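final_39.pdb follows; it contains PDB, C-alpha atoms.
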```
ATOM      1  CA  MET A   1     173.410 144.375  60.744
ATOM      2  CA  SER A   2     174.247 140.833  61.772
ATOM      3  CA  ASN A   3     172.258 138.005  60.212
ATOM      4  CA  LEU A   4     172.865 135.740  63.214
ATOM      5  CA  PRO A   5     169.677 134.398  64.788
ATOM      6  CA  ARG A   6     168.552 135.906  68.091
ATOM      7  CA  PRO A   7     167.717 132.965  70.374
ATOM      8  CA  SER A   8     165.306 133.559  73.221
ATOM      9  CA  PHE A   9     166.689 134.142  76.702
ATOM     10  CA  ASN A  10     164.755 131.126  78.009
ATOM     11  CA  ALA A  11     166.306 128.884  75.352
ATOM     12  CA  LEU A  12     169.815 130.049  76.212
ATOM     13  CA  ARG A  13     169.185 129.593  79.919
ATOM     14  CA  ALA A  14     167.748 126.108  79.397
ATOM     15  CA  PHE A  15     170.720 125.100  77.264
ATOM     16  CA  GLU A  16     173.305 126.497  79.710
ATOM     17  CA  ALA A  17     171.748 124.651  82.645
ATOM     18  CA  THR A  18     171.620 121.394  80.667
ATOM     19  CA  ALA A  19     175.241 121.699  79.534
ATOM     20  CA  ARG A  20     176.439 122.539  83.062
ATOM     21  CA  LEU A  21     174.434 119.834  84.828
ATOM     22  CA  ARG A  22     174.785 117.240  82.025
ATOM     23  CA  SER A  23     171.107 116.464  82.393
ATOM     24  CA  MET A  24     167.840 117.883  81.069
ATOM     25  CA  THR A  25     166.047 116.507  84.108
ATOM     26  CA  ALA A  26     168.403 118.320  86.476
ATOM     27  CA  ALA A  27     168.117 121.495  84.391
ATOM     28  CA  ALA A  28     164.328 121.299  84.570
ATOM     29  CA  GLN A  29     164.464 120.947  88.359
ATOM     30  CA  GLU A  30     166.837 123.898  88.729
ATOM     31  CA  LEU A  31     164.718 126.171  86.515
ATOM     32  CA  SER A  32     161.363 124.899  87.861
ATOM     33  CA  VAL A  33     160.039 123.884  84.438
ATOM     34  CA  THR A  34     159.193 120.566  82.800
ATOM     35  CA  HIS A  35     161.646 118.246  81.093
ATOM     36  CA  GLY A  36     159.665 118.754  77.879
ATOM     37  CA  ALA A  37     160.115 122.526  78.068
ATOM     38  CA  ILE A  38     163.892 122.139  78.395
ATOM     39  CA  SER A  39     163.979 119.718  75.473
ATOM     40  CA  ARG A  40     161.931 122.051  73.257
ATOM     41  CA  HIS A  41     164.109 125.062  74.100
ATOM     42  CA  VAL A  42     167.326 123.202  73.328
ATOM     43  CA  ARG A  43     165.953 121.732  70.096
ATOM     44  CA  ALA A  44     164.773 125.174  68.935
ATOM     45  CA  LEU A  45     168.184 126.650  69.743
ATOM     46  CA  GLU A  46     169.975 123.963  67.752
ATOM     47  CA  GLU A  47     167.646 124.449  64.802
ATOM     48  CA  SER A  48     168.051 128.232  64.799
ATOM     49  CA  LEU A  49     171.859 127.985  64.944
ATOM     50  CA  GLY A  50     172.091 125.027  62.567
ATOM     51  CA  VAL A  51     174.503 123.116  64.802
ATOM     52  CA  MET A  52     174.281 120.254  67.301
ATOM     53  CA  LEU A  53     174.926 121.564  70.795
ATOM     54  CA  LEU A  54     174.330 118.442  72.890
ATOM     55  CA  THR A  55     175.034 114.742  72.600
ATOM     56  CA  ARG A  56     172.135 112.867  74.149
ATOM     57  CA  GLY A  57     173.093 109.664  75.957
ATOM     58  CA  SER A  58     171.301 107.194  78.202
ATOM     59  CA  GLN A  59     173.282 108.263  81.265
ATOM     60  CA  SER A  60     174.097 111.911  80.565
ATOM     61  CA  THR A  61     173.667 114.769  78.124
ATOM     62  CA  ASP A  62     177.049 116.211  77.166
ATOM     63  CA  PRO A  63     177.822 119.365  75.193
ATOM     64  CA  THR A  64     179.511 119.063  71.818
ATOM     65  CA  PRO A  65     182.656 121.191  71.298
ATOM     66  CA  GLU A  66     180.449 123.906  69.794
ATOM     67  CA  GLY A  67     177.997 123.528  72.662
ATOM     68  CA  ALA A  68     180.756 123.793  75.267
ATOM     69  CA  ARG A  69     181.930 127.105  73.784
ATOM     70  CA  LEU A  70     178.406 128.484  73.699
ATOM     71  CA  ALA A  71     177.660 127.282  77.246
ATOM     72  CA  GLU A  72     180.793 128.993  78.549
ATOM     73  CA  GLY A  73     179.809 132.277  76.935
ATOM     74  CA  VAL A  74     176.208 132.097  78.116
ATOM     75  CA  ALA A  75     177.339 131.255  81.680
ATOM     76  CA  ALA A  76     179.654 134.269  81.702
ATOM     77  CA  ALA A  77     176.826 136.521  80.480
ATOM     78  CA  LEU A  78     174.398 135.189  83.104
ATOM     79  CA  ASN A  79     176.987 135.785  85.821
ATOM     80  CA  LEU A  80     177.490 139.362  84.661
ATOM     81  CA  MET A  81     173.736 139.944  84.729
ATOM     82  CA  GLN A  82     173.471 138.514  88.245
ATOM     83  CA  ALA A  83     176.375 140.643  89.439
ATOM     84  CA  ALA A  84     174.836 143.785  87.970
ATOM     85  CA  LEU A  85     171.484 143.064  89.629
ATOM     86  CA  GLU A  86     173.148 142.387  92.977
ATOM     87  CA  GLN A  87     174.997 145.693  92.877
ATOM     88  CA  LEU A  88     171.749 147.539  92.114
ATOM     89  CA  LYS A  89     169.731 145.898  94.864
ATOM     90  CA  PRO A  90     171.914 144.038  97.372
ATOM     91  CA  GLY A  91     170.159 141.545  99.603
ATOM     92  CA  PRO A  92     171.350 139.655 102.689
ATOM     93  CA  LEU A  93     175.020 138.704 102.639
ATOM     94  CA  THR A  94     175.541 134.981 102.095
ATOM     95  CA  LEU A  95     178.349 133.113 103.847
ATOM     96  CA  SER A  96     179.238 129.641 102.594
ATOM     97  CA  CYS A  97     180.866 127.042 104.831
ATOM     98  CA  SER A  98     180.571 123.383 105.729
ATOM     99  CA  ALA A  99     177.892 122.185 108.134
ATOM    100  CA  SER A 100     180.651 121.167 110.557
ATOM    101  CA  ILE A 101     182.241 124.635 110.624
ATOM    102  CA  LEU A 102     178.798 126.230 110.860
ATOM    103  CA  THR A 103     177.646 124.155 113.845
ATOM    104  CA  HIS A 104     180.906 123.642 115.761
ATOM    105  CA  TRP A 105     182.798 126.897 115.126
ATOM    106  CA  LEU A 106     180.700 129.673 113.619
ATOM    107  CA  ILE A 107     177.412 129.531 115.525
ATOM    108  CA  PRO A 108     179.117 129.719 118.960
ATOM    109  CA  ARG A 109     180.732 132.992 117.768
ATOM    110  CA  LEU A 110     177.891 134.440 115.744
ATOM    111  CA  ALA A 111     176.488 136.573 118.571
ATOM    112  CA  ARG A 112     179.782 138.490 118.650
ATOM    113  CA  PHE A 113     179.431 139.279 114.952
ATOM    114  CA  HIS A 114     175.868 140.528 115.401
ATOM    115  CA  ASP A 115     176.947 142.635 118.377
ATOM    116  CA  GLN A 116     179.691 144.268 116.312
ATOM    117  CA  HIS A 117     177.656 144.563 113.095
ATOM    118  CA  PRO A 118     173.954 144.758 114.037
ATOM    119  CA  GLY A 119     172.989 146.144 110.633
ATOM    120  CA  ILE A 120     174.336 143.218 108.583
ATOM    121  CA  GLU A 121     171.879 140.453 107.730
ATOM    122  CA  LEU A 122     173.534 137.077 107.145
ATOM    123  CA  GLN A 123     172.271 133.947 105.452
ATOM    124  CA  PHE A 124     174.129 130.697 104.911
ATOM    125  CA  ASN A 125     175.036 128.400 102.041
ATOM    126  CA  VAL A 126     176.001 125.041 103.575
ATOM    127  CA  ASN A 127     178.672 123.652 101.278
ATOM    128  CA  TYR A 128     182.277 122.508 101.656
ATOM    129  CA  GLY A 129     183.242 122.001  98.002
ATOM    130  CA  PRO A 130     183.448 124.065  94.800
ATOM    131  CA  VAL A 131     180.817 126.732  94.381
ATOM    132  CA  ASP A 132     179.791 129.386  91.850
ATOM    133  CA  VAL A 133     179.829 132.541  93.962
ATOM    134  CA  VAL A 134     177.957 134.638  91.389
ATOM    135  CA  ARG A 135     175.246 132.145  90.473
ATOM    136  CA  GLU A 136     174.613 131.262  94.136
ATOM    137  CA  ASN A 137     175.029 134.894  95.249
ATOM    138  CA  ILE A 138     177.720 134.094  97.834
ATOM    139  CA  GLY A 139     179.716 136.964  99.288
ATOM    140  CA  VAL A 140     182.298 135.043 101.330
ATOM    141  CA  ALA A 141     183.139 131.346 101.630
ATOM    142  CA  ILE A 142     185.283 129.570 104.225
ATOM    143  CA  ARG A 143     187.230 126.795 102.571
ATOM    144  CA  ASN A 144     190.097 124.407 103.173
ATOM    145  CA  THR A 145     192.948 124.866 100.699
ATOM    146  CA  MET A 146     192.533 121.243  99.591
ATOM    147  CA  ILE A 147     189.559 122.585  97.582
ATOM    148  CA  ARG A 148     190.507 124.370  94.365
ATOM    149  CA  PRO A 149     188.971 127.870  94.250
ATOM    150  CA  PRO A 150     187.100 129.251  91.249
ATOM    151  CA  GLU A 151     189.275 131.348  88.964
ATOM    152  CA  ASP A 152     187.502 134.634  89.611
ATOM    153  CA  VAL A 153     187.344 134.720  93.427
ATOM    154  CA  VAL A 154     189.701 136.645  95.687
ATOM    155  CA  VAL A 155     191.527 134.075  97.833
ATOM    156  CA  ARG A 156     192.777 135.065 101.272
ATOM    157  CA  GLU A 157     194.781 132.242 102.878
ATOM    158  CA  LEU A 158     194.660 132.685 106.640
ATOM    159  CA  VAL A 159     195.786 130.020 109.093
ATOM    160  CA  THR A 160     197.189 126.520 109.162
ATOM    161  CA  GLU A 161     194.695 123.844 110.155
ATOM    162  CA  TRP A 162     195.836 121.994 113.299
ATOM    163  CA  VAL A 163     194.753 118.344 113.458
ATOM    164  CA  GLY A 164     194.835 115.512 115.960
ATOM    165  CA  PRO A 165     192.994 112.388 117.142
ATOM    166  CA  VAL A 166     190.210 112.842 119.677
ATOM    167  CA  CYS A 167     188.024 110.452 121.667
ATOM    168  CA  SER A 168     185.940 110.352 124.818
ATOM    169  CA  PRO A 169     187.790 110.117 128.162
ATOM    170  CA  ASP A 170     186.142 106.763 128.851
ATOM    171  CA  TYR A 171     187.261 105.343 125.513
ATOM    172  CA  MET A 172     190.808 106.579 126.067
ATOM    173  CA  ARG A 173     190.912 104.682 129.372
ATOM    174  CA  SER A 174     189.223 101.517 128.143
ATOM    175  CA  ALA A 175     191.339 101.292 124.981
ATOM    176  CA  ARG A 176     194.486 102.176 126.971
ATOM    177  CA  ILE A 177     195.597 104.845 124.541
ATOM    178  CA  ARG A 178     198.800 106.348 125.895
ATOM    179  CA  ARG A 179     201.099 106.608 122.875
ATOM    180  CA  PRO A 180     200.622 106.604 119.074
ATOM    181  CA  ALA A 181     201.566 102.927 118.803
ATOM    182  CA  ASP A 182     198.424 102.088 120.816
ATOM    183  CA  LEU A 183     196.326 103.208 117.840
ATOM    184  CA  ALA A 184     197.096  99.878 116.168
ATOM    185  CA  ASP A 185     194.603  98.192 118.524
ATOM    186  CA  ALA A 186     192.121 101.077 118.740
ATOM    187  CA  ARG A 187     188.867 101.493 116.859
ATOM    188  CA  LEU A 188     189.748 104.133 114.280
ATOM    189  CA  LEU A 189     187.028 106.367 112.873
ATOM    190  CA  MET A 190     187.176 108.674 109.866
ATOM    191  CA  THR A 191     185.034 110.967 107.719
ATOM    192  CA  LYS A 192     184.436 110.236 104.048
ATOM    193  CA  THR A 193     185.065 113.898 103.221
ATOM    194  CA  ARG A 194     188.703 113.572 104.368
ATOM    195  CA  PRO A 195     189.827 110.053 103.318
ATOM    196  CA  ASP A 196     193.530 110.749 103.979
ATOM    197  CA  ALA A 197     193.039 112.237 107.440
ATOM    198  CA  TRP A 198     194.869 109.521 109.397
ATOM    199  CA  THR A 199     197.767 109.430 106.943
ATOM    200  CA  GLU A 200     198.047 113.226 106.956
ATOM    201  CA  TRP A 201     198.037 113.363 110.747
ATOM    202  CA  ALA A 202     200.637 110.598 111.049
ATOM    203  CA  GLY A 203     202.914 112.397 108.592
ATOM    204  CA  ALA A 204     202.508 115.740 110.326
ATOM    205  CA  ALA A 205     203.073 114.176 113.748
ATOM    206  CA  GLY A 206     206.139 112.238 112.585
ATOM    207  CA  VAL A 207     204.708 108.833 113.461
ATOM    208  CA  GLU A 208     204.743 107.154 110.048
ATOM    209  CA  GLY A 209     204.831 103.387 109.926
ATOM    210  CA  LEU A 210     201.818 102.812 112.163
ATOM    211  CA  GLU A 211     199.312 100.138 111.166
ATOM    212  CA  LEU A 212     196.183 102.273 110.980
ATOM    213  CA  GLN A 213     193.091 100.287 110.008
ATOM    214  CA  VAL A 214     189.912 102.360 109.885
ATOM    215  CA  ARG A 215     186.889 100.561 111.322
ATOM    216  CA  GLU A 216     184.068 102.968 110.477
ATOM    217  CA  ARG A 217     183.519 105.959 108.197
ATOM    218  CA  PHE A 218     180.992 108.757 108.586
ATOM    219  CA  GLU A 219     179.637 111.228 106.052
ATOM    220  CA  HIS A 220     180.674 114.469 107.761
ATOM    221  CA  PHE A 221     182.915 115.787 110.530
ATOM    222  CA  TYR A 222     179.990 116.774 112.761
ATOM    223  CA  VAL A 223     178.750 113.166 112.715
ATOM    224  CA  LEU A 224     182.288 111.857 113.245
ATOM    225  CA  ILE A 225     182.807 114.128 116.249
ATOM    226  CA  GLN A 226     179.549 112.970 117.813
ATOM    227  CA  ALA A 227     180.557 109.338 117.267
ATOM    228  CA  ALA A 228     183.893 109.937 119.001
ATOM    229  CA  ALA A 229     182.188 111.748 121.881
ATOM    230  CA  CYS A 230     179.835 108.778 122.325
ATOM    231  CA  GLY A 231     182.774 106.401 122.757
ATOM    232  CA  LEU A 232     182.644 104.662 119.382
ATOM    233  CA  GLY A 233     186.374 105.120 118.785
ATOM    234  CA  ILE A 234     189.039 107.706 118.076
ATOM    235  CA  ALA A 235     188.997 110.134 115.153
ATOM    236  CA  PRO A 236     191.398 112.638 113.530
ATOM    237  CA  VAL A 237     189.756 116.072 113.366
ATOM    238  CA  PRO A 238     190.634 119.761 112.933
ATOM    239  CA  ARG A 239     191.031 121.310 116.366
ATOM    240  CA  MET A 240     188.806 124.275 115.535
ATOM    241  CA  LEU A 241     185.814 121.929 115.389
ATOM    242  CA  VAL A 242     186.281 120.512 118.911
ATOM    243  CA  LEU A 243     187.394 123.507 120.972
ATOM    244  CA  ASP A 244     184.259 123.556 123.120
ATOM    245  CA  ASP A 245     184.175 119.764 123.531
ATOM    246  CA  LEU A 246     187.799 119.768 124.676
ATOM    247  CA  GLN A 247     187.168 122.555 127.149
ATOM    248  CA  SER A 248     184.123 120.820 128.615
ATOM    249  CA  GLY A 249     185.925 117.482 128.878
ATOM    250  CA  LYS A 250     183.525 115.760 126.503
ATOM    251  CA  LEU A 251     186.513 114.924 124.289
ATOM    252  CA  VAL A 252     190.224 114.505 124.928
ATOM    253  CA  ALA A 253     193.176 114.688 122.535
ATOM    254  CA  PRO A 254     195.700 112.082 123.743
ATOM    255  CA  PHE A 255     198.560 113.363 121.570
ATOM    256  CA  GLY A 256     197.607 117.020 121.235
ATOM    257  CA  PHE A 257     197.454 118.687 117.841
ATOM    258  CA  VAL A 258     199.990 119.377 115.097
ATOM    259  CA  PRO A 259     200.010 121.670 112.050
ATOM    260  CA  GLY A 260     198.418 119.759 109.179
ATOM    261  CA  PRO A 261     199.123 120.031 105.452
ATOM    262  CA  HIS A 262     196.186 122.340 104.713
ATOM    263  CA  LYS A 263     195.206 125.917 105.483
ATOM    264  CA  LEU A 264     191.919 127.685 105.953
ATOM    265  CA  ALA A 265     191.106 130.370 103.427
ATOM    266  CA  LEU A 266     188.407 132.845 102.540
ATOM    267  CA  TRP A 267     186.983 133.059  99.046
ATOM    268  CA  ILE A 268     185.624 136.558  98.443
ATOM    269  CA  ALA A 269     183.251 137.153  95.533
ATOM    270  CA  PRO A 270     184.737 139.727  93.128
ATOM    271  CA  HIS A 271     181.370 141.355  92.373
ATOM    272  CA  LEU A 272     180.665 141.896  96.093
ATOM    273  CA  ARG A 273     184.139 142.634  97.460
ATOM    274  CA  ALA A 274     183.525 146.413  97.436
ATOM    275  CA  ARG A 275     180.411 146.164  99.620
ATOM    276  CA  ALA A 276     181.018 147.410 103.152
ATOM    277  CA  GLU A 277     179.149 144.361 104.499
ATOM    278  CA  THR A 278     181.423 141.964 102.618
ATOM    279  CA  GLN A 279     184.543 143.701 103.878
ATOM    280  CA  ALA A 280     183.247 143.706 107.452
ATOM    281  CA  LEU A 281     182.417 139.980 107.351
ATOM    282  CA  ALA A 282     185.767 139.047 105.767
ATOM    283  CA  GLN A 283     187.658 141.084 108.373
ATOM    284  CA  TRP A 284     185.696 139.576 111.258
ATOM    285  CA  LEU A 285     186.240 136.030 109.988
ATOM    286  CA  THR A 286     189.947 136.749 109.521
ATOM    287  CA  GLU A 287     190.278 137.937 113.116
ATOM    288  CA  GLU A 288     188.242 135.055 114.556
ATOM    289  CA  LEU A 289     190.135 132.379 112.630
ATOM    290  CA  LYS A 290     193.495 133.828 113.650
ATOM    291  CA  GLU A 291     192.340 134.031 117.265
ATOM    292  CA  THR A 292     191.251 130.383 117.087
ATOM    293  CA  ALA A 293     194.628 129.341 115.650
ATOM    294  CA  GLY A 294     196.406 131.151 118.468
ATOM    295  CA  ARG A 295     194.637 129.323 121.290
ATOM    296  CA  GLY A 296     197.415 126.876 122.115
ATOM    297  CA  ASP A 297     196.787 124.433 119.298
ATOM    298  CA  GLY A 298     199.763 122.312 120.221
ATOM    299  CA  ALA A 299     198.415 121.554 123.669
ATOM    300  CA  ARG A 300     196.750 118.322 124.656
ATOM    301  CA  GLY A 301     192.995 118.450 125.041
TER     302      GLY A 301
END
```

The structure given in the file should be rewritten as structure tokens.
Amino acid sequence: MSNLPRPSFNALRAFEATARLRSMTAAAQELSVTHGAISRHVRALEESLGVMLLTRGSQSTDPTPEGARLAEGVAAALNLMQAALEQLKPGPLTLSCSASILTHWLIPRLARFHDQHPGIELQFNVNYGPVDVVRENIGVAIRNTMIRPPEDVVVRELVTEWVGPVCSPDYMRSARIRRPADLADARLLMTKTRPDAWTEWAGAAGVEGLELQVRERFEHFYVLIQAAACGLGIAPVPRMLVLDDLQSGKLVAPFGFVPGPHKLALWIAPHLRARAETQALAQWLTEELKETAGRGDGARG
């Protein structure tokens, strides 16, 4: 029989959340308990183990080396428990993607998915960065390859992301944008989520050496696209996000689109990959993304 203490599940969960979030306040919010309850759980855990697990600071609460090892083990155990519960009683399938992909690309195609798979219930996790697929119960995520995937997910790289500058037809005429050199006098827009977008496009298009001074930055692509459509300037965007706007004439792409340095990929949760619903969603997304990439991406909008 081991003489090691048996900490309570609540204490371990409180400690893991604090170590992961680097904050007792954030841990309390995530677990829907008080800050005092988190503090008491962590203190009791440290006393029972006889070791300091956290270094309390004014700005953050960081795990000690011993705490980091324990937090890693507890996180792995919690993930295994969540995976086991999900396999016993699967709920709706969760798809994670950015708000821009959701609004500009996925929703216009979602009726086709429901027509093909009427028995699959989908819900959405709106996120474009790293994610814990087990903890957040995500089955499939659409990501750009500029984001590093978690170690345990199945990564399926699909298509190259085509990129190019877009603006309203009126702005193109008023700013006299006819060739890439004209961008030097144009009002350049950009999204904060892709700070190298203009440089990446210029490199991919073979027009390095341009003086590209960004005038305004927006938080997300969907806001950036709306700004460009309203005539506020010209913006480099992935073509998949503006297909409908190009077709309707709301936006134009003066120089067309070129293959960018990134690809689109699917992250598939390992604990849900065997579910028929997960496989159906991943296959449908694969087909839709490849169909999107094949729609004449090099053409001018």

Query raised in the report: Any idea what's packed within 12 Å of Lys290 (chain A), counting only C-alpha atoms, ignoring anything in its chain fewer than 6 positions away? Could you give it as a list in words?
Result: Glu157, Leu158, Val159, Thr160, Glu161, Met240, Lys263, Leu264, Ala265, Gln283, Trp284, Gly296 and Asp297 of chain A

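CA of Asn137 (chain A) is found 18.3 Å from CA of Ala99 (chain A).
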
Requested in this report: Translate the PyMOL selection byres ((chain A and resi 196) around 12), as applied to the file shown, into an explicit residue set as a PyMOL selection string.
Outcome: chain A and resi 146+189-195+197-203+212+214+217+236-237+260-262

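Near region 183-186 of chain A, within 8 Å and counting only C-alpha atoms, sit A:Ala175, A:Ile177, A:Arg179, A:Pro180, A:Ala181, A:Leu188, A:Leu210, A:Glu211, A:Leu212, A:Gln213, A:Gly233, A:Ile234; same-chain residues fewer than 2 positions away were not included.
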
Report task. Using the chain letters and numbers from the file, give me the residues hit by the PyMOL selection byres ((chain A and resi 243) around 10), as a ChimeraX atom specification. Result -> /A:104-105,238-242,244-248,251,292,295,297,301

Query raised in the report: Once the PyMOL selection byres ((chain A and resi 12-16) around 10) has been applied to the shown file, what residues remain in the selection, as a PyMOL selection string?
Result: chain A and resi 7-11+17-22+24+27-28+30-31+33+37-43+45-46+53-54+63+67-68+70-75+78

In the coordinates of the file, take the point (181.9, 124.4, 111.2) and a cut-off of 12 Å; then, counting all atoms listed in the file, name each qualifying protein, DNA or RNA residue as a PDB file with C-alpha atoms, keeping the file's coordinate frame.
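What ended up in selection07.pdb:
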```
ATOM      1  CA  LEU A  95     178.349 133.113 103.847  1.00  0.00           C
ATOM      2  CA  SER A  96     179.238 129.641 102.594  1.00  0.00           C
ATOM      3  CA  CYS A  97     180.866 127.042 104.831  1.00  0.00           C
ATOM      4  CA  SER A  98     180.571 123.383 105.729  1.00  0.00           C
ATOM      5  CA  ALA A  99     177.892 122.185 108.134  1.00  0.00           C
ATOM      6  CA  SER A 100     180.651 121.167 110.557  1.00  0.00           C
ATOM      7  CA  ILE A 101     182.241 124.635 110.624  1.00  0.00           C
ATOM      8  CA  LEU A 102     178.798 126.230 110.860  1.00  0.00           C
ATOM      9  CA  THR A 103     177.646 124.155 113.845  1.00  0.00           C
ATOM     10  CA  HIS A 104     180.906 123.642 115.761  1.00  0.00           C
ATOM     11  CA  TRP A 105     182.798 126.897 115.126  1.00  0.00           C
ATOM     12  CA  LEU A 106     180.700 129.673 113.619  1.00  0.00           C
ATOM     13  CA  ILE A 107     177.412 129.531 115.525  1.00  0.00           C
ATOM     14  CA  PRO A 108     179.117 129.719 118.960  1.00  0.00           C
ATOM     15  CA  ARG A 109     180.732 132.992 117.768  1.00  0.00           C
ATOM     16  CA  LEU A 110     177.891 134.440 115.744  1.00  0.00           C
ATOM     17  CA  PHE A 124     174.129 130.697 104.911  1.00  0.00           C
ATOM     18  CA  VAL A 126     176.001 125.041 103.575  1.00  0.00           C
ATOM     19  CA  ASN A 127     178.672 123.652 101.278  1.00  0.00           C
ATOM     20  CA  TYR A 128     182.277 122.508 101.656  1.00  0.00           C
ATOM     21  CA  ALA A 141     183.139 131.346 101.630  1.00  0.00           C
ATOM     22  CA  ILE A 142     185.283 129.570 104.225  1.00  0.00           C
ATOM     23  CA  ARG A 143     187.230 126.795 102.571  1.00  0.00           C
ATOM     24  CA  ASN A 144     190.097 124.407 103.173  1.00  0.00           C
ATOM     25  CA  HIS A 220     180.674 114.469 107.761  1.00  0.00           C
ATOM     26  CA  PHE A 221     182.915 115.787 110.530  1.00  0.00           C
ATOM     27  CA  TYR A 222     179.990 116.774 112.761  1.00  0.00           C
ATOM     28  CA  VAL A 223     178.750 113.166 112.715  1.00  0.00           C
ATOM     29  CA  ILE A 225     182.807 114.128 116.249  1.00  0.00           C
ATOM     30  CA  VAL A 237     189.756 116.072 113.366  1.00  0.00           C
ATOM     31  CA  PRO A 238     190.634 119.761 112.933  1.00  0.00           C
ATOM     32  CA  ARG A 239     191.031 121.310 116.366  1.00  0.00           C
ATOM     33  CA  MET A 240     188.806 124.275 115.535  1.00  0.00           C
ATOM     34  CA  LEU A 241     185.814 121.929 115.389  1.00  0.00           C
ATOM     35  CA  VAL A 242     186.281 120.512 118.911  1.00  0.00           C
ATOM     36  CA  LEU A 243     187.394 123.507 120.972  1.00  0.00           C
ATOM     37  CA  LEU A 264     191.919 127.685 105.953  1.00  0.00           C
ATOM     38  CA  LEU A 289     190.135 132.379 112.630  1.00  0.00           C
TER      39      LEU A 289
END
```

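The closest residue to Leu232 (chain A), picked from A:Leu266, A:Ala280, A:Cys167, A:Leu272 and counting all atoms listed in the file, is A:Cys167.
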
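When CA of Ile147 (chain A) is paired with CA of Gly129 (chain A), their separation reads 6.4 Å.
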
**Report entry** Of the listed residues A:Leu122, A:Phe255, A:His117, A:Ser60, that which approaches Met172 (chain A) most closely, counting only C-alpha atoms
**Finding:** A:Phe255

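Between CA of Val163 (chain A) and CA of Arg176 (chain A) the interatomic distance comes to 21.1 Å.
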
Requested in this report: Considering all atoms listed in the file, state which residue in the set A:Ala228, A:Val51, A:Val166, A:Ala269 is at the smallest distance from Ala253 (chain A).
Outcome: A:Val166

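Nearest to Ala274 (chain A) of all the residues A:Pro118, A:Gly139, A:Gly57, A:Pro165 is A:Gly139, based on all atoms listed in the file.
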
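With distances taken over all atoms listed in the file, A:Gly249 is the one residue among A:Gly249, A:Ala44, A:Val134, A:Arg148 lying closest to Asp170 (chain A).
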